[in-house]
file upload-v1.csv (CSV, C-alpha atoms)
chain,number,residue,atom,x,y,z
A,1,MET,CA,1.3,19.8,12.0
A,2,LEU,CA,-1.1,19.3,9.0
A,3,TRP,CA,0.8,16.2,8.0
A,4,THR,CA,0.6,14.7,11.5
A,5,ALA,CA,-3.1,15.5,11.6
A,6,LEU,CA,-3.6,13.7,8.3
A,7,GLN,CA,-1.8,10.6,9.6
A,8,VAL,CA,-3.8,10.7,12.9
A,9,GLY,CA,-7.1,11.1,11.1
A,10,THR,CA,-6.2,8.3,8.6
A,11,THR,CA,-5.2,6.0,11.4
A,12,SER,CA,-8.4,6.8,13.3
A,13,TRP,CA,-10.4,6.0,10.1
A,14,LEU,CA,-8.6,2.7,9.6
A,15,GLY,CA,-9.0,1.6,13.2
A,16,GLY,CA,-12.6,2.8,13.7
A,17,ARG,CA,-13.7,2.3,17.2
A,18,TRP,CA,-10.5,0.3,17.8
A,19,ALA,CA,-8.2,3.1,16.7
A,20,VAL,CA,-6.5,3.3,20.1
A,21,ALA,CA,-5.2,-0.2,19.6
A,22,LEU,CA,-3.9,0.8,16.2
A,23,PHE,CA,-2.1,3.8,17.6
A,24,ALA,CA,-0.5,1.5,20.1
A,25,PHE,CA,0.9,-0.7,17.3
A,26,PRO,CA,4.6,0.3,17.4
A,27,PRO,CA,5.1,0.7,13.6
A,28,VAL,CA,2.1,3.1,13.5
A,29,ALA,CA,3.3,5.1,16.4
A,30,LEU,CA,6.8,5.4,14.8
A,31,GLU,CA,5.2,6.2,11.5
A,32,ILE,CA,3.3,9.1,12.9
A,33,HIS,CA,6.5,10.3,14.7
A,34,HIS,CA,8.7,10.1,11.6
A,35,GLY,CA,6.0,11.3,9.2
A,36,ASN,CA,6.4,8.9,6.3
A,37,ILE,CA,3.5,7.7,4.0
A,38,HIS,CA,2.9,4.1,5.1
A,39,ILE,CA,-0.3,4.8,6.9
A,40,LEU,CA,-1.6,6.6,3.7
A,41,LEU,CA,-0.5,3.5,1.7
A,42,ALA,CA,-2.6,1.4,4.0
A,43,ALA,CA,-5.6,3.6,3.4
A,44,ALA,CA,-5.1,3.6,-0.3
A,45,ILE,CA,-5.0,-0.2,-0.3
A,46,VAL,CA,-8.2,-0.5,1.7
A,47,LEU,CA,-10.0,2.1,-0.5
A,48,GLY,CA,-8.5,0.3,-3.6
A,49,PHE,CA,-10.8,-2.6,-3.2
A,50,ARG,CA,-13.8,-0.3,-3.9
A,51,TRP,CA,-12.1,2.5,-5.9
A,52,PRO,CA,-9.1,1.0,-7.8
A,53,ALA,CA,-7.9,4.5,-8.8
A,54,THR,CA,-6.4,4.9,-5.3
A,55,TRP,CA,-3.8,2.4,-6.3
A,56,ALA,CA,-2.2,5.2,-8.3
A,57,PHE,CA,-1.0,6.7,-5.0
A,58,VAL,CA,0.7,3.4,-4.1
A,59,LEU,CA,2.3,3.0,-7.6
A,60,LEU,CA,3.5,6.6,-7.8
A,61,THR,CA,5.1,6.7,-4.4
A,62,LYS,CA,6.6,3.4,-3.3
A,63,VAL,CA,6.0,1.5,-6.6
A,64,THR,CA,6.8,-2.1,-5.5
A,65,PRO,CA,3.8,-2.5,-3.1
A,66,GLY,CA,1.8,-2.2,-6.3
A,67,VAL,CA,2.2,-6.0,-6.4
A,68,GLY,CA,-1.1,-5.9,-4.6
A,69,LEU,CA,-2.7,-5.4,-8.1
A,70,VAL,CA,-2.1,-9.1,-8.7
A,71,TRP,CA,-5.3,-9.5,-6.6
A,72,PHE,CA,-7.3,-8.1,-9.5
A,73,ALA,CA,-5.4,-10.0,-12.2
A,74,VAL,CA,-5.9,-13.5,-10.6
A,75,ARG,CA,-9.5,-12.7,-9.9
A,76,ARG,CA,-9.9,-11.6,-13.5
A,77,GLU,CA,-11.2,-8.2,-12.4
A,78,TRP,CA,-9.9,-6.6,-15.6
A,79,ARG,CA,-11.9,-3.5,-15.3
A,80,ARG,CA,-10.6,-2.7,-11.8
A,81,LEU,CA,-7.0,-3.5,-12.9
A,82,ALA,CA,-7.4,-1.3,-16.0
A,83,ILE,CA,-8.7,1.6,-13.9
A,84,ALA,CA,-5.8,1.4,-11.5
A,85,LEU,CA,-3.2,1.3,-14.3
A,86,ALA,CA,-5.0,3.9,-16.5
A,87,VAL,CA,-5.2,6.5,-13.6
A,88,THR,CA,-1.6,5.8,-12.7
A,89,GLY,CA,-0.5,6.2,-16.3
A,90,ALA,CA,-2.5,9.4,-16.8
A,91,ILE,CA,-1.0,11.0,-13.7
A,92,ALA,CA,2.5,9.8,-14.6
A,93,GLY,CA,2.1,10.9,-18.2
A,94,VAL,CA,1.0,14.4,-17.3
A,95,SER,CA,3.7,14.9,-14.8
A,96,LEU,CA,6.3,13.5,-17.2
A,97,VAL,CA,5.3,16.1,-19.8
A,98,LEU,CA,5.2,19.0,-17.2
A,99,GLU,CA,8.4,18.0,-15.2
A,100,PRO,CA,10.5,15.5,-17.1
A,101,GLN,CA,13.7,16.3,-15.1
A,102,VAL,CA,11.9,15.3,-11.9
A,103,TRP,CA,11.2,11.8,-13.3
A,104,ARG,CA,14.9,11.6,-14.4
A,105,SER,CA,16.1,12.5,-11.0
A,106,TRP,CA,13.7,10.1,-9.3
A,107,VAL,CA,14.9,7.2,-11.4
A,108,GLU,CA,18.6,8.0,-10.8
A,109,ASP,CA,18.1,8.5,-7.0
A,110,SER,CA,15.4,5.8,-6.5
A,111,LEU,CA,15.9,3.3,-3.7
A,112,LEU,CA,14.9,0.7,-6.2
A,113,VAL,CA,18.0,1.4,-8.2
A,114,THR,CA,20.5,2.4,-5.4
A,115,ALA,CA,19.6,0.1,-2.5
A,116,GLU,CA,17.6,-2.8,-4.1
A,117,GLY,CA,16.4,-3.7,-0.6
A,118,SER,CA,19.8,-3.9,1.0
A,119,PRO,CA,20.2,-2.7,4.5
A,120,LEU,CA,20.8,1.1,4.5
A,121,ASN,CA,21.5,1.2,8.2
A,122,GLN,CA,21.0,-0.9,11.3
A,123,PHE,CA,17.2,-0.2,11.3
A,124,SER,CA,16.3,-1.9,8.1
A,125,LEU,CA,15.9,-5.6,7.5
A,126,PRO,CA,18.5,-7.0,5.2
A,127,ILE,CA,16.2,-9.2,3.0
A,128,PRO,CA,16.7,-8.3,-0.7
A,129,LEU,CA,13.8,-7.0,-2.7
A,130,ALA,CA,14.7,-9.6,-5.3
A,131,LEU,CA,13.5,-12.3,-2.9
A,132,ARG,CA,10.7,-10.4,-1.3
A,133,LEU,CA,8.9,-9.2,-4.4
A,134,PRO,CA,8.3,-12.7,-5.9
A,135,ALA,CA,7.2,-14.0,-2.5
A,136,ALA,CA,4.8,-11.1,-2.2
A,137,ALA,CA,3.3,-11.8,-5.7
A,138,ILE,CA,2.8,-15.4,-4.8
A,139,LEU,CA,1.1,-14.5,-1.5
A,140,VAL,CA,-1.3,-12.0,-3.1
A,141,ALA,CA,-2.0,-14.4,-6.0
A,142,TRP,CA,-2.9,-17.2,-3.5
A,143,GLY,CA,-5.0,-14.7,-1.5
A,144,GLY,CA,-6.9,-13.6,-4.6
A,145,LEU,CA,-7.6,-17.2,-5.7
A,146,THR,CA,-8.8,-18.1,-2.2
A,147,ASP,CA,-10.6,-14.9,-1.3
A,148,ARG,CA,-8.2,-13.7,1.4
A,149,PRO,CA,-8.0,-10.0,1.0
A,150,TRP,CA,-5.6,-9.7,4.1
A,151,THR,CA,-2.9,-10.9,1.7
A,152,VAL,CA,-2.9,-7.6,-0.2
A,153,PRO,CA,-1.6,-5.4,2.6
A,154,ALA,CA,0.7,-8.2,3.8
A,155,ALA,CA,2.2,-8.6,0.3
A,156,ALA,CA,2.4,-4.8,-0.1
A,157,THR,CA,4.4,-4.6,3.1
A,158,LEU,CA,6.7,-7.5,2.1
A,159,ALA,CA,7.3,-5.7,-1.2
A,160,LEU,CA,8.3,-2.3,0.2
A,161,PRO,CA,11.6,-1.2,-1.4
A,162,VAL,CA,13.3,-1.3,2.0
A,163,LEU,CA,11.9,-3.0,5.1
A,164,TRP,CA,12.0,-0.2,7.7
A,165,PRO,CA,10.2,-0.7,11.0
A,166,THR,CA,7.8,2.1,10.1
A,167,GLY,CA,7.0,0.3,6.9
A,168,PHE,CA,5.0,-2.3,8.9
A,169,ALA,CA,2.5,0.5,9.4
A,170,VAL,CA,1.0,-0.6,6.1
A,171,LEU,CA,-0.4,-3.5,8.0
A,172,ALA,CA,-2.8,-1.1,9.6
A,173,ALA,CA,-4.9,-1.9,6.5
A,174,LEU,CA,-5.5,-5.4,8.0
A,175,TRP,CA,-8.1,-4.1,10.5
A,176,PRO,CA,-10.7,-2.7,8.1
A,177,ILE,CA,-10.1,-5.6,5.8
A,178,ALA,CA,-10.7,-8.0,8.6
A,179,GLN,CA,-14.2,-6.5,9.0
A,180,ARG,CA,-15.1,-7.9,5.5
A,181,ARG,CA,-17.5,-10.7,5.8
A,182,PRO,CA,-16.7,-13.8,3.6
A,183,GLY,CA,-18.6,-14.0,0.4
A,184,LEU,CA,-19.1,-10.2,0.0
A,185,THR,CA,-17.9,-8.5,-3.2
A,186,ASP,CA,-15.0,-6.1,-2.9
A,187,ASP,CA,-17.5,-3.3,-3.4
A,188,ALA,CA,-19.2,-4.3,-0.2
A,189,MET,CA,-16.0,-4.8,1.8
A,190,LEU,CA,-15.8,-1.4,3.4
A,191,GLY,CA,-19.5,-1.6,4.4
A,192,PRO,CA,-21.8,1.4,4.6
A,193,SER,CA,-20.0,3.1,7.5
A,194,ARG,CA,-16.6,2.9,5.8
A,195,ALA,CA,-17.9,4.1,2.4
A,196,SER,CA,-18.7,7.6,3.6

call {"tool": "encode", "arguments": {"input": "upload-v1.csv", "output": "structure tokens"}}
result
Amino acid sequence: MLWTALQVGTTSWLGGRWAVALFAFPPVALEIHHGNIHILLAAAIVLGFRWPATWAFVLLTKVTPGVGLVWFAVRREWRRLAIALAVTGAIAGVSLVLEPQVWRSWVEDSLLVTAEGSPLNQFSLPIPLALRLPAAAILVAWGGLTDRPWTVPAAATLALPVLWPTGFAVLAALWPIAQRRPGLTDDAMLGPSRAS
């Protein structure tokens, strides 16, 4: 119940006054029904333009959508990139010291190791991660060089470990990103109403 409320609230925040349209997007509706974390990934990506530390959530959950950090690298926003990586490293380091067996188990059971993007059943798309990840990096690099922030959630979606239909809920990040006016800094992207 609380998890569903968190997803509904996050989707409402992402959609703003157009939230009903976002709820009607089939991957979002499926995501809320199945209770995965793709909507939260979308929110972390949106917030990550202003607060790069939120990328730690992306990197420590699904890992490969962290390709979105290429945005900071190609734009030479080294401070933001360093913050994202440092926060991620600090959280991972502390958890590794406290629970090393959990990390061992995660590596052994990880979809990155066992599936490598292959179809796990009839509901996943059979495009190997080895093809999708470089394409995602190229997409977000181009986006960073040409000031197209929509490429970040698009690349993150493309880079998901497995392309489930619910994974496309990461694209919910496109709506608040589309509200960004050209020429604004990433700090101003969310606008005053989104900052609070």

call {"tool": "residues_around", "arguments": {"input": "upload-v1.csv", "residues": "Ser12 (chain A)", "least_positions_apart": "4", "cutoff": "12 Å", "atoms": "all atoms listed in the file", "output": "PDB file with C-alpha atoms, in the frame of the given file"}}
result
ATOM      1  CA  ALA A   5      -3.100  15.500  11.600  1.00  0.00           C
ATOM      2  CA  LEU A   6      -3.600  13.700   8.300  1.00  0.00           C
ATOM      3  CA  GLN A   7      -1.800  10.600   9.600  1.00  0.00           C
ATOM      4  CA  VAL A   8      -3.800  10.700  12.900  1.00  0.00           C
ATOM      5  CA  GLY A  16     -12.600   2.800  13.700  1.00  0.00           C
ATOM      6  CA  ARG A  17     -13.700   2.300  17.200  1.00  0.00           C
ATOM      7  CA  TRP A  18     -10.500   0.300  17.800  1.00  0.00           C
ATOM      8  CA  ALA A  19      -8.200   3.100  16.700  1.00  0.00           C
ATOM      9  CA  VAL A  20      -6.500   3.300  20.100  1.00  0.00           C
ATOM     10  CA  ALA A  21      -5.200  -0.200  19.600  1.00  0.00           C
ATOM     11  CA  LEU A  22      -3.900   0.800  16.200  1.00  0.00           C
ATOM     12  CA  PHE A  23      -2.100   3.800  17.600  1.00  0.00           C
ATOM     13  CA  ALA A  24      -0.500   1.500  20.100  1.00  0.00           C
ATOM     14  CA  VAL A  28       2.100   3.100  13.500  1.00  0.00           C
ATOM     15  CA  ILE A  32       3.300   9.100  12.900  1.00  0.00           C
ATOM     16  CA  ILE A  39      -0.300   4.800   6.900  1.00  0.00           C
ATOM     17  CA  LEU A  40      -1.600   6.600   3.700  1.00  0.00           C
ATOM     18  CA  ALA A  43      -5.600   3.600   3.400  1.00  0.00           C
ATOM     19  CA  ALA A 172      -2.800  -1.100   9.600  1.00  0.00           C
ATOM     20  CA  ALA A 173      -4.900  -1.900   6.500  1.00  0.00           C
ATOM     21  CA  TRP A 175      -8.100  -4.100  10.500  1.00  0.00           C
ATOM     22  CA  PRO A 176     -10.700  -2.700   8.100  1.00  0.00           C
ATOM     23  CA  ARG A 194     -16.600   2.900   5.800  1.00  0.00           C
TER      24      ARG A 194
END

call {"tool": "atom_distance", "arguments": {"input": "upload-v1.csv", "atom1": "CA of Trp106 (chain A)", "atom2": "CA of Ile37 (chain A)"}}
result
16.9 Å

call {"tool": "atom_distance", "arguments": {"input": "upload-v1.csv", "atom1": "CA of Pro27 (chain A)", "atom2": "CA of Val58 (chain A)"}}
result
18.4 Å

call {"tool": "residues_around", "arguments": {"input": "upload-v1.csv", "residues": "Thr88 (chain A)", "least_positions_apart": "6", "cutoff": "9 Å", "atoms": "all atoms listed in the file", "output": "MDAnalysis selection string"}}
result
chainID A and resid 53:57 59:60

call {"tool": "atom_distance", "arguments": {"input": "upload-v1.csv", "atom1": "CA of Ala141 (chain A)", "atom2": "CA of Ala73 (chain A)"}}
result
8.3 Å

call {"tool": "closest_residue", "arguments": {"input": "upload-v1.csv", "among": "A:Phe25, A:Thr11, A:Ala159, A:Phe168", "to": "Ala130 (chain A)", "atoms": "all atoms listed in the file"}}
result
A:Ala159

call {"tool": "closest_residue", "arguments": {"input": "upload-v1.csv", "among": "A:Ala178, A:Leu163, A:Ala169, A:Leu133", "to": "Pro149 (chain A)", "atoms": "all atoms listed in the file"}}
result
A:Ala178

call {"tool": "closest_residue", "arguments": {"input": "upload-v1.csv", "among": "A:Leu47, A:Ile177, A:Leu125, A:Leu96", "to": "Leu160 (chain A)", "atoms": "all atoms listed in the file"}}
result
A:Leu125

call {"tool": "decode", "arguments": {"input": "upload-v1.csv", "residues": "region 151-171 of chain A", "atoms": "N, CA and C atoms", "output": "PDB file, in the first residue's frame"}}
result
ATOM      1  N   THR A 151      17.449  13.068 -24.032  1.00  0.00           N
ATOM      2  CA  THR A 151      18.220  11.872 -24.367  1.00  0.00           C
ATOM      3  C   THR A 151      18.647  11.086 -23.129  1.00  0.00           C
ATOM      4  N   VAL A 152      18.672  11.757 -21.976  1.00  0.00           N
ATOM      5  CA  VAL A 152      19.116  11.066 -20.756  1.00  0.00           C
ATOM      6  C   VAL A 152      18.123   9.971 -20.352  1.00  0.00           C
ATOM      7  N   PRO A 153      16.822  10.272 -20.163  1.00  0.00           N
ATOM      8  CA  PRO A 153      15.912   9.162 -19.835  1.00  0.00           C
ATOM      9  C   PRO A 153      15.733   8.182 -20.984  1.00  0.00           C
ATOM     10  N   ALA A 154      15.834   8.664 -22.225  1.00  0.00           N
ATOM     11  CA  ALA A 154      15.725   7.739 -23.359  1.00  0.00           C
ATOM     12  C   ALA A 154      16.885   6.743 -23.339  1.00  0.00           C
ATOM     13  N   ALA A 155      18.096   7.247 -23.103  1.00  0.00           N
ATOM     14  CA  ALA A 155      19.272   6.372 -23.039  1.00  0.00           C
ATOM     15  C   ALA A 155      19.204   5.450 -21.826  1.00  0.00           C
ATOM     16  N   ALA A 156      18.744   5.971 -20.700  1.00  0.00           N
ATOM     17  CA  ALA A 156      18.626   5.145 -19.496  1.00  0.00           C
ATOM     18  C   ALA A 156      17.648   3.996 -19.723  1.00  0.00           C
ATOM     19  N   THR A 157      16.569   4.278 -20.424  1.00  0.00           N
ATOM     20  CA  THR A 157      15.601   3.224 -20.742  1.00  0.00           C
ATOM     21  C   THR A 157      16.225   2.182 -21.659  1.00  0.00           C
ATOM     22  N   LEU A 158      16.889   2.652 -22.685  1.00  0.00           N
ATOM     23  CA  LEU A 158      17.546   1.748 -23.630  1.00  0.00           C
ATOM     24  C   LEU A 158      18.583   0.866 -22.934  1.00  0.00           C
ATOM     25  N   ALA A 159      19.217   1.399 -21.889  1.00  0.00           N
ATOM     26  CA  ALA A 159      20.292   0.691 -21.191  1.00  0.00           C
ATOM     27  C   ALA A 159      19.822  -0.171 -20.027  1.00  0.00           C
ATOM     28  N   LEU A 160      18.520  -0.291 -19.816  1.00  0.00           N
ATOM     29  CA  LEU A 160      18.054  -1.162 -18.727  1.00  0.00           C
ATOM     30  C   LEU A 160      18.609  -2.571 -18.921  1.00  0.00           C
ATOM     31  N   PRO A 161      18.915  -3.277 -17.838  1.00  0.00           N
ATOM     32  CA  PRO A 161      19.479  -4.628 -17.973  1.00  0.00           C
ATOM     33  C   PRO A 161      18.623  -5.549 -18.840  1.00  0.00           C
ATOM     34  N   VAL A 162      17.306  -5.468 -18.672  1.00  0.00           N
ATOM     35  CA  VAL A 162      16.364  -6.229 -19.500  1.00  0.00           C
ATOM     36  C   VAL A 162      15.251  -5.264 -19.886  1.00  0.00           C
ATOM     37  N   LEU A 163      14.838  -5.316 -21.142  1.00  0.00           N
ATOM     38  CA  LEU A 163      13.773  -4.424 -21.620  1.00  0.00           C
ATOM     39  C   LEU A 163      12.400  -5.055 -21.386  1.00  0.00           C
ATOM     40  N   TRP A 164      11.877  -4.861 -20.183  1.00  0.00           N
ATOM     41  CA  TRP A 164      10.515  -5.280 -19.864  1.00  0.00           C
ATOM     42  C   TRP A 164       9.572  -4.158 -20.296  1.00  0.00           C
ATOM     43  N   PRO A 165       8.305  -4.453 -20.574  1.00  0.00           N
ATOM     44  CA  PRO A 165       7.360  -3.377 -20.884  1.00  0.00           C
ATOM     45  C   PRO A 165       7.294  -2.312 -19.778  1.00  0.00           C
ATOM     46  N   THR A 166       7.378  -2.743 -18.522  1.00  0.00           N
ATOM     47  CA  THR A 166       7.307  -1.771 -17.428  1.00  0.00           C
ATOM     48  C   THR A 166       8.538  -0.863 -17.389  1.00  0.00           C
ATOM     49  N   GLY A 167       9.645  -1.309 -17.951  1.00  0.00           N
ATOM     50  CA  GLY A 167      10.854  -0.496 -17.967  1.00  0.00           C
ATOM     51  C   GLY A 167      10.671   0.815 -18.716  1.00  0.00           C
ATOM     52  N   PHE A 168       9.754   0.829 -19.660  1.00  0.00           N
ATOM     53  CA  PHE A 168       9.512   2.046 -20.421  1.00  0.00           C
ATOM     54  C   PHE A 168       8.866   3.142 -19.563  1.00  0.00           C
ATOM     55  N   ALA A 169       8.509   2.801 -18.332  1.00  0.00           N
ATOM     56  CA  ALA A 169       8.002   3.816 -17.402  1.00  0.00           C
ATOM     57  C   ALA A 169       9.086   4.837 -17.066  1.00  0.00           C
ATOM     58  N   VAL A 170      10.360   4.509 -17.277  1.00  0.00           N
ATOM     59  CA  VAL A 170      11.440   5.483 -17.076  1.00  0.00           C
ATOM     60  C   VAL A 170      11.213   6.690 -17.982  1.00  0.00           C
ATOM     61  N   LEU A 171      10.557   6.474 -19.091  1.00  0.00           N
ATOM     62  CA  LEU A 171      10.275   7.572 -20.021  1.00  0.00           C
ATOM     63  C   LEU A 171       9.320   8.606 -19.428  1.00  0.00           C
TER      64      LEU A 171
END
